[in-house]
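Participant: Input: one structure, supplied below.
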Protein chains: 2
Amino acid sequence: MADKISFDAPRGMRDFYPADMVWRNKVFDAFKAAGEAAGFEPYDACVVESYELLERKAGEEVGEQLYHFLDKSDRHLALRAEMTPTLARMVAQRQKELHFPLKWTTIAQCFRYERMTKGRKREHYQWNMDIIGEDSVLAEIEVLGAAVDALKRMGLKTDDFKVHVSSRKFLGSLLEKSGIPAEKHAQVFLALDKRGKMPDEEIAAMLKDGGLSEDETKATFAIMDLKSYEGSPELKELFRLAGIAGFADSLVFDIGVIRGLSYYTGIVFECFDTQGEFRAIFGGGRYDNLLTTIGGEPTSAVGLGFGDVVITELLKSRLGEGAVKRKGTSIGFMTEGERDAALSLAMRLRREGDRVDLALRPQKPKKFFSRASEANAAKAVFIGPDDVNAGKARLKDLATREEKEICL
Amino acid sequence: MADKISFDAPRGMRDFYPADMVWRNKVFDAFKAAGEAAGFEPYDACVVESYELLERKAGEEVGEQLYHFLDKSDRHLALRAEMTPTLARMVAQRQKELHFPLKWTTIAQCFRYERMTKGRKREHYQWNMDIIGEDSVLAEIEVLGAAVDALKRMGLKTDDFKVHVSSRKFLGSLLEKSGIPAEKHAQVFLALDKRGKMPDEEIAAMLKDGGLSEDETKATFAIMDLKSYEGSPELKELFRLAGIAGFADSLVFDIGVIRGLSYYTGIVFECFDTQGEFRAIFGGGRYDNLLTTIGGEPTSAVGLGFGDVVITELLKSRLGEGAVKRKGTSIGFMTEGERDAALSLAMRLRREGDRVDLALRPQKPKKFFSRASEANAAKAVFIGPDDVNAGKARLKDLATREEKEICL
């Protein structure tokens with residue numbers, strides 16, 4: 001036998017055993033079904049990108065968190081940390097041929113080399129939905145509607161989560177009315193984004209550093225107490241259309257949603273569990289500079305990023321293990337003499353559309369049924385010599401314990 | 001506008017635009033459905049692995065073809081070239097807890113840094129199916145049955161492909177009967193694997209280099225003309241069971257299937273299109289040393305690797321673009337006044353289970369219908385002011401041109 005080497009995945013990377021895949025598929029299937037229902041088209045690209053592209057979009061700070069390397073021709077490559085630069089590249093490459101607006105979706109593995117803290121891995125999957133080339137707030141409605149639909153398909157109820165919505169444009173206009181000029185807004189957004197994460201005194205200090213007077217700082221905090229979006233035509237339209245689309249009860253106005261950095265330009269949103277137990281479930285908003293940062297033509301877009309880690313924790317907590325449905329049929333046999341009959345039955349049920357786990361060797365009934373239960377089969381058939389002689393066996397419902405006859 | 005940078009994917013890496021995803025999903029959906037029907041459990045792991053693990057399994061030659069790099073803690077990491085080392089690691093890690101036989105499946109992106117030739121990319125996806133811990137030939141039947149099922153689900157007919165089957169064990173016993181001792185077999189397999197790729201004289205020279213006498217070389221070529229598997233009990237059982245399982249007509253005995261290297265120990269197989277136009281569609285066989293190479297307990301296994309590149313070329317060639325099914329409903333509207341009605345109808349149809357692509361802005365009917373056709377929609381509804389007043393619109397079947405009324 002060879003020397004033993006480590007059986008662990010590399011640090012920060014996840015293995016998905018079949019029991020983990022049950023949850024992952026629950027999440028991914030809902031992503032795909034919701035995107036599909038809302039008419040989004042899937043796209044994908046390789047997880048390896050050019051370093052230059054990723055750094056251009058991300059800035060130096062994120063550049064340092066990239067896994068990157070040179071290939072043998074000295075090409076500087078990296079594992080993507082997010083899908084947006086790749087999306088921008090693909091759209092820019094065919095900007096003349098594509099028919100806008102685009103409604104594109106993907107589930108992308110993304111890497112970020114960061115310090116390991118609780119629940120933070122170095123890779124995750126992120127569901128992306130983007131509508132590119134459409135100014136109307138109907139774009140936000142389509143993206144948010146699909147995200148809410150995905151959560152419901154996973155088994156969550158309206159009471160389990162809320163999408164917090166605000167608008168950069170609205171907040172900017174309020175700041176301007178208070179006499180704070182546009183060139184100071186970036187600094188204000190940056191400070192306000194830290195709210196809840198640090199004491200208000202420190203926020204105030206950040207605002208002062210950003211050139212705000214004491215009065216302006218006071219005015220800024222007063223704006224953050226605003227509870228009504230009446231002054232924002234685009235938010236009014238968003239809530240009205242969400243009412244027509246049937247998910248207004250999942251939205252709440254929250255002027256505190258900022259979404260850091262200078263990336264976003266209009267409506268922004270973040271989804272949280274109502275118990276406030278987890279980090280954001282998804283986030284996104286409208287952004288205008290997707291293509292110009294890499295040299296493409298200007299275009300307006302709405303995007304959403306929805307990671308797999310937080311939602312999986314939330315589902316496990318809210319739904320419990322009982323959320324995993326029993327499915328398929330297990331078939332076993334007692335001696336080699338029933339093997340052919342078992343194989344033949346398995347193929348017949350599969351052709352009829354069933355999922356069939358066929359035992360590959362003779363077993364004692366007890367062992368067979370215990371494995372079928374563990375595998376979460378809905379039904380099981382165990383074939384003994386008498387069954388083959390009689391030409392029929394018993395199909396057992398493992399939940400209800402009911403049995404019915406089945407021909408061999 | 002910022003400096004323009006390259007919009008190309010890195011060399012050898014593929015972008016999947018929505019039109020490409022139609023084919024990819026056709027292939028992946030068939031992989032998943034066939035694996036699911038046959039009771040295989042999905043697993044997955046990160047594309048980044050430890051270099052040591054990958055090199056241990058692959059040997060130095062493949063080691064050189066790995067994309068590899070050091071992380072900031074000087075961990076030596078690499079992008080996997082195949083899934084098998086990862087499978088071995090995951091199984092070894094839980095060898096005491098897992099219930100064997102395992103039937104596991106995954107679709108894994110794999111990277112190989114090789115010289116670019118026609119149709120060879122530096123990354124591809126590979127469908128893997130493995131049964132671990134079962135000696136019975138029923139394991140081969142389950143793996144092959146699922147692979148054949150996948151091809152049929154993609155729309156191929158029995159006449160389009162054949163799975164060529166042989167056995168290392170059988171070939172070894174024939175060589176032995178001809179007086180060629182076991183220690184020379186590895187060299188013989190290596191030479192025979194090149195058959196069809198180089199002239200028989202060169203094969204003969206390789207055999208001579210491997211220590212075979214002229215008589216032994218002659219005997220070896222005679223063996224390669226064998227057309228019957230009657231002398232192999234395991235191949236007889238394989239064909240018999242394939243008959244019961246209903247796919248014997250997809251199998252053909254071919255003593256020329258070798259599958260290079262010393263990896264395989266029993267039945268081996270490769271699938272080809274019957275017109276001989278493409279490289280192998282899938283390949284695999286029985287192997288015994290999966291876990292021992294990395295220090296785990298010995299166990300027998302059957303595995304299959306099925307790449308996405310050849311099958312996609314084959315499907316495009318055999319099925320043509322017509323294979324892409326029309327689906328879903330496109331909804332458009334003429335003026336802002338019909339927008340709410342269009343949104344409301346879209347959400348209603350989605351709740352009923354339809355895929356609905358809602359236009360996000362008012363359009364002329366001609367433009368709307370042309371886009372709906374391009375998007376391959378099955379049906380389309382265009383709502384004008386009169387429709388809203390009447391409370392109903394016309395749902396058009398884009399294939400048959402038939403119309404029916406639908407309430408708004």
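Every chain in the structure tokens has a letter given in the order shown (A, B, ...), and although residue numbers restart at 1 in each chain, ligands are simply numbered from 1 in the order shown.
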For chain B against chain A, which residues fall within 7 Å using only C-alpha atoms, given as a VMD selection string?

Facilitator: chain B and resid 1 to 5 7 9 to 10 13 to 18 21 36 to 39 41 to 46 49 to 50 69 89 to 90 92 to 93 138 to 139 244 to 245 292 to 295 343 to 344 347 350 354 to 357 360

Participant: Set the distance at 12 Å and use only C-alpha atoms: which residues neighbour A:Glu313 once local chain neighbours fewer than 2 positions away are removed? I'd like the list as a PyMOL selection string.

Facilitator: chain A and resi 20+23-24+27+119+273+277-281+307-311+315-321

Participant: With N, CA, C and O atoms retained, could you export that selection as a compact mmCIF listing (two decimals), in the first residue's frame?

Facilitator:
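Produced file selection.txt, reproduced below:
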```txt
# COMPACT_ATOMS: atom_id res chain seq x y z
N ASP A 20 -24.89 15.99 1.51
CA ASP A 20 -24.79 17.44 1.30
C ASP A 20 -25.46 17.85 -0.01
O ASP A 20 -26.02 18.94 -0.13
N TRP A 23 -29.17 18.94 -0.09
CA TRP A 23 -29.45 20.34 0.20
C TRP A 23 -29.02 21.23 -0.96
O TRP A 23 -29.73 22.17 -1.33
N ARG A 24 -27.84 20.94 -1.50
CA ARG A 24 -27.37 21.78 -2.60
C ARG A 24 -28.33 21.71 -3.79
O ARG A 24 -28.66 22.72 -4.40
N VAL A 27 -31.45 23.79 -3.30
CA VAL A 27 -31.19 25.21 -3.55
C VAL A 27 -30.99 25.47 -5.05
O VAL A 27 -31.65 26.34 -5.64
N GLY A 119 -18.11 30.22 9.17
CA GLY A 119 -19.05 30.21 8.05
C GLY A 119 -18.51 30.81 6.76
O GLY A 119 -19.17 30.78 5.76
N ASP A 273 -33.34 37.14 6.65
CA ASP A 273 -34.33 36.33 7.37
C ASP A 273 -34.97 37.23 8.42
O ASP A 273 -34.30 38.09 9.01
N GLU A 277 -31.15 36.34 12.04
CA GLU A 277 -30.19 35.38 12.56
C GLU A 277 -28.96 35.23 11.66
O GLU A 277 -27.86 34.93 12.12
N PHE A 278 -29.16 35.44 10.36
CA PHE A 278 -28.10 35.17 9.38
C PHE A 278 -27.66 36.44 8.66
O PHE A 278 -28.32 37.47 8.72
N ARG A 279 -26.54 36.34 7.94
CA ARG A 279 -26.14 37.42 7.06
C ARG A 279 -27.12 37.53 5.89
O ARG A 279 -28.05 36.74 5.78
N ALA A 280 -26.91 38.51 5.02
CA ALA A 280 -27.85 38.72 3.91
C ALA A 280 -27.97 37.47 3.05
O ALA A 280 -26.99 36.79 2.77
N ILE A 281 -29.20 37.18 2.64
CA ILE A 281 -29.48 36.01 1.79
C ILE A 281 -29.12 36.32 0.35
O ILE A 281 -28.53 35.51 -0.34
N GLY A 307 -25.86 33.85 -2.85
CA GLY A 307 -24.90 32.79 -2.54
C GLY A 307 -25.56 31.54 -1.99
O GLY A 307 -26.71 31.56 -1.56
N ASP A 308 -24.82 30.43 -2.01
CA ASP A 308 -25.41 29.16 -1.58
C ASP A 308 -25.21 28.88 -0.08
O ASP A 308 -25.88 27.99 0.46
N VAL A 309 -24.34 29.61 0.58
CA VAL A 309 -23.98 29.25 1.95
C VAL A 309 -25.05 29.66 2.96
O VAL A 309 -25.56 28.84 3.72
N VAL A 310 -25.42 30.95 2.95
CA VAL A 310 -26.39 31.45 3.93
C VAL A 310 -27.75 30.77 3.75
O VAL A 310 -28.37 30.33 4.72
N ILE A 311 -28.20 30.65 2.50
CA ILE A 311 -29.53 30.07 2.29
C ILE A 311 -29.57 28.61 2.75
O ILE A 311 -30.58 28.15 3.31
N LEU A 315 -32.18 27.26 5.44
CA LEU A 315 -33.12 26.17 5.14
C LEU A 315 -33.00 25.04 6.16
O LEU A 315 -34.00 24.51 6.64
N LYS A 316 -31.76 24.69 6.50
CA LYS A 316 -31.57 23.62 7.49
C LYS A 316 -32.21 24.01 8.81
O LYS A 316 -32.82 23.19 9.49
N SER A 317 -32.06 25.30 9.17
CA SER A 317 -32.60 25.77 10.44
C SER A 317 -34.13 25.83 10.40
O SER A 317 -34.80 25.43 11.36
N ARG A 318 -34.71 26.32 9.31
CA ARG A 318 -36.16 26.54 9.27
C ARG A 318 -36.94 25.29 8.90
O ARG A 318 -38.06 25.08 9.34
N LEU A 319 -36.37 24.47 8.03
CA LEU A 319 -37.12 23.31 7.53
C LEU A 319 -36.74 22.02 8.24
O LEU A 319 -37.55 21.10 8.33
N GLY A 320 -35.52 21.93 8.72
CA GLY A 320 -35.07 20.71 9.38
C GLY A 320 -34.88 19.58 8.40
O GLY A 320 -35.17 19.70 7.21
N GLU A 321 -34.38 18.46 8.92
CA GLU A 321 -34.04 17.33 8.06
C GLU A 321 -35.28 16.73 7.40
O GLU A 321 -35.19 16.07 6.38
```

Participant: Provide the atom CA of B:Ala147 to atom CA of B:Phe170 distance in Å, to one decimal place.

Facilitator: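 Separating atom CA of B:Ala147 from atom CA of B:Phe170 is a distance of 23.3 Å.
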
Participant: Out of stretch 292-335 of chain B, which residues get alpha helix (DSSP H) from DSSP, as a list in words?

Facilitator: Asp308, Val309, Val310, Ile311, Thr312, Glu313, Leu314, Leu315, Lys316, Ser317, Arg318 and Leu319 of chain B

Participant: Considering only C-alpha atoms, state which residue in the set A:Ala204, A:Ala81, A:Ile267, A:Val148 is at the smallest distance from A:Glu237.

Facilitator: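 Distance minimum relative to A:Glu237 lands on A:Ile267.
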
Participant: What is the atom CA of B:Glu270 to atom CA of B:Arg286 distance in Å?

Facilitator: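 Pair atom CA of B:Glu270 / atom CA of B:Arg286 returns 12.4 Å.
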
Participant: Excluding B:Asp288 and residues on its chain fewer than 5 positions from it, collect all residues at most 7 Å away from it, counting only C-alpha atoms, and give them as a PDB file with C-alpha atoms, in the first residue's frame.

Facilitator:
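And here's out05.pdb as it stands now:
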```pdb
ATOM      1  CA  THR B 265      -7.970  -4.774 -14.178  1.00  0.00           C
ATOM      2  CA  THR B 299     -11.547  -2.026  -2.933  1.00  0.00           C
ATOM      3  CA  SER B 300     -12.823  -2.993  -6.360  1.00  0.00           C
ATOM      4  CA  ALA B 301     -14.635  -0.460  -8.490  1.00  0.00           C
TER       5      ALA B 301
END
```

Participant: Report, in Å with one decimal, the straight-line distance from atom CA of B:Glu176 to atom CA of B:Lys218.

Facilitator: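 Going from atom CA of B:Glu176 over to atom CA of B:Lys218, I get 13.9 Å.
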
Participant: Leaving out stretch 393-408 of chain A and any residue of its chain fewer than 5 positions from it, which residues lie within 7 Å of it when counting only C-alpha atoms, given as a VMD selection string?

Facilitator: chain A and resid 341 345 378 to 381 383 387

Participant: Which of stretch 66-210 of chain B counts as strand (DSSP E) under DSSP, as a ChimeraX atom specification please?

Facilitator: /B:68-70,76-79,102-111,123-132,161-167

Participant: Output the selection as a CSV table (one decimal), in the first residue's frame - N, CA, C and O atoms for each residue.

Facilitator:
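part-v8.csv was written with the following content:
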```
chain,number,residue,atom,x,y,z
B,68,HIS,N,-1.1,24.5,-11.8
B,68,HIS,CA,-0.9,24.5,-10.4
B,68,HIS,C,-0.3,25.8,-9.9
B,68,HIS,O,0.3,26.6,-10.7
B,69,PHE,N,-0.4,26.0,-8.6
B,69,PHE,CA,0.1,27.3,-8.0
B,69,PHE,C,0.2,27.1,-6.5
B,69,PHE,O,-0.4,26.2,-5.9
B,70,LEU,N,0.9,28.1,-5.9
B,70,LEU,CA,1.1,28.1,-4.5
B,70,LEU,C,0.1,29.2,-3.9
B,70,LEU,O,0.0,30.2,-4.5
B,76,HIS,N,0.6,23.9,-2.0
B,76,HIS,CA,0.7,23.6,-3.4
B,76,HIS,C,-0.7,23.1,-4.0
B,76,HIS,O,-1.1,22.0,-3.6
B,77,LEU,N,-1.4,23.9,-4.7
B,77,LEU,CA,-2.7,23.6,-5.2
B,77,LEU,C,-2.7,23.4,-6.7
B,77,LEU,O,-1.8,23.9,-7.4
B,78,ALA,N,-3.8,22.8,-7.2
B,78,ALA,CA,-3.9,22.6,-8.6
B,78,ALA,C,-5.3,22.4,-9.0
B,78,ALA,O,-6.2,22.1,-8.2
B,79,LEU,N,-5.6,22.7,-10.3
B,79,LEU,CA,-7.0,22.4,-10.8
B,79,LEU,C,-7.0,21.0,-11.3
B,79,LEU,O,-6.1,20.5,-12.1
B,102,LEU,N,-21.0,1.8,-3.0
B,102,LEU,CA,-21.4,3.1,-3.3
B,102,LEU,C,-21.7,3.2,-4.8
B,102,LEU,O,-21.0,2.6,-5.6
B,103,LYS,N,-22.7,4.0,-5.1
B,103,LYS,CA,-23.0,4.3,-6.5
B,103,LYS,C,-23.1,5.8,-6.6
B,103,LYS,O,-24.0,6.4,-6.2
B,104,TRP,N,-22.0,6.4,-7.1
B,104,TRP,CA,-21.8,7.9,-7.0
B,104,TRP,C,-21.7,8.4,-8.4
B,104,TRP,O,-21.1,7.8,-9.3
B,105,THR,N,-22.2,9.6,-8.6
B,105,THR,CA,-22.1,10.3,-9.9
B,105,THR,C,-21.8,11.8,-9.7
B,105,THR,O,-22.2,12.4,-8.7
B,106,THR,N,-21.2,12.4,-10.7
B,106,THR,CA,-20.9,13.8,-10.7
B,106,THR,C,-20.7,14.3,-12.1
B,106,THR,O,-20.3,13.5,-13.0
B,107,ILE,N,-20.9,15.6,-12.3
B,107,ILE,CA,-20.4,16.2,-13.6
B,107,ILE,C,-19.4,17.2,-13.2
B,107,ILE,O,-19.6,18.2,-12.5
B,108,ALA,N,-18.1,16.9,-13.5
B,108,ALA,CA,-17.0,17.7,-13.0
B,108,ALA,C,-16.2,18.4,-14.1
B,108,ALA,O,-15.9,17.9,-15.1
B,109,GLN,N,-16.0,19.7,-13.8
B,109,GLN,CA,-15.1,20.4,-14.8
B,109,GLN,C,-13.6,20.0,-14.5
B,109,GLN,O,-13.2,20.0,-13.3
B,110,CYS,N,-12.9,19.7,-15.5
B,110,CYS,CA,-11.5,19.2,-15.4
B,110,CYS,C,-10.6,20.0,-16.3
B,110,CYS,O,-11.1,20.4,-17.4
B,111,PHE,N,-9.4,20.3,-15.9
B,111,PHE,CA,-8.5,21.1,-16.6
B,111,PHE,C,-7.2,20.3,-17.0
B,111,PHE,O,-6.7,19.5,-16.2
B,123,GLU,N,-10.1,22.8,-20.9
B,123,GLU,CA,-11.0,22.4,-19.8
B,123,GLU,C,-12.2,21.7,-20.5
B,123,GLU,O,-12.5,22.0,-21.7
B,124,HIS,N,-12.8,20.8,-19.8
B,124,HIS,CA,-14.0,20.2,-20.3
B,124,HIS,C,-14.8,19.7,-19.1
B,124,HIS,O,-14.3,19.7,-17.9
B,125,TYR,N,-16.0,19.3,-19.3
B,125,TYR,CA,-16.8,18.7,-18.2
B,125,TYR,C,-16.8,17.2,-18.5
B,125,TYR,O,-16.9,16.7,-19.6
B,126,GLN,N,-16.8,16.4,-17.4
B,126,GLN,CA,-16.8,15.0,-17.5
B,126,GLN,C,-17.8,14.4,-16.6
B,126,GLN,O,-17.8,14.7,-15.3
B,127,TRP,N,-18.8,13.7,-17.1
B,127,TRP,CA,-19.7,13.0,-16.3
B,127,TRP,C,-19.0,11.7,-15.8
B,127,TRP,O,-18.5,10.9,-16.6
B,128,ASN,N,-19.0,11.5,-14.5
B,128,ASN,CA,-18.4,10.4,-13.9
B,128,ASN,C,-19.5,9.5,-13.2
B,128,ASN,O,-20.4,10.1,-12.5
B,129,MET,N,-19.4,8.2,-13.4
B,129,MET,CA,-20.3,7.3,-12.6
B,129,MET,C,-19.3,6.2,-12.1
B,129,MET,O,-18.6,5.6,-12.9
B,130,ASP,N,-19.4,6.0,-10.8
B,130,ASP,CA,-18.5,4.9,-10.2
B,130,ASP,C,-19.4,4.1,-9.3
B,130,ASP,O,-20.2,4.6,-8.5
B,131,ILE,N,-19.1,2.8,-9.3
B,131,ILE,CA,-19.6,1.9,-8.3
B,131,ILE,C,-18.4,1.3,-7.6
B,131,ILE,O,-17.5,0.7,-8.2
B,132,ILE,N,-18.4,1.6,-6.3
B,132,ILE,CA,-17.2,1.2,-5.5
B,132,ILE,C,-17.6,0.2,-4.4
B,132,ILE,O,-18.5,0.4,-3.7
B,161,PHE,N,-24.6,4.5,-32.2
B,161,PHE,CA,-23.4,4.3,-31.4
B,161,PHE,C,-23.3,2.9,-31.0
B,161,PHE,O,-24.3,2.1,-31.1
B,162,LYS,N,-22.1,2.4,-30.7
B,162,LYS,CA,-21.9,1.1,-30.1
B,162,LYS,C,-20.9,1.2,-29.0
B,162,LYS,O,-19.9,1.9,-29.1
B,163,VAL,N,-21.1,0.4,-28.0
B,163,VAL,CA,-20.2,0.3,-26.9
B,163,VAL,C,-19.3,-0.9,-27.1
B,163,VAL,O,-19.8,-2.0,-27.2
B,164,HIS,N,-18.0,-0.7,-27.3
B,164,HIS,CA,-17.0,-1.7,-27.6
B,164,HIS,C,-16.5,-2.2,-26.2
B,164,HIS,O,-16.0,-1.5,-25.4
B,165,VAL,N,-16.6,-3.6,-26.0
B,165,VAL,CA,-16.3,-4.1,-24.7
B,165,VAL,C,-15.3,-5.2,-24.8
B,165,VAL,O,-15.3,-6.0,-25.8
B,166,SER,N,-14.3,-5.2,-23.9
B,166,SER,CA,-13.4,-6.3,-23.8
B,166,SER,C,-13.1,-6.5,-22.3
B,166,SER,O,-13.8,-6.0,-21.4
B,167,SER,N,-12.1,-7.4,-22.0
B,167,SER,CA,-11.7,-7.6,-20.6
B,167,SER,C,-10.2,-7.7,-20.6
B,167,SER,O,-9.6,-8.5,-21.3
```
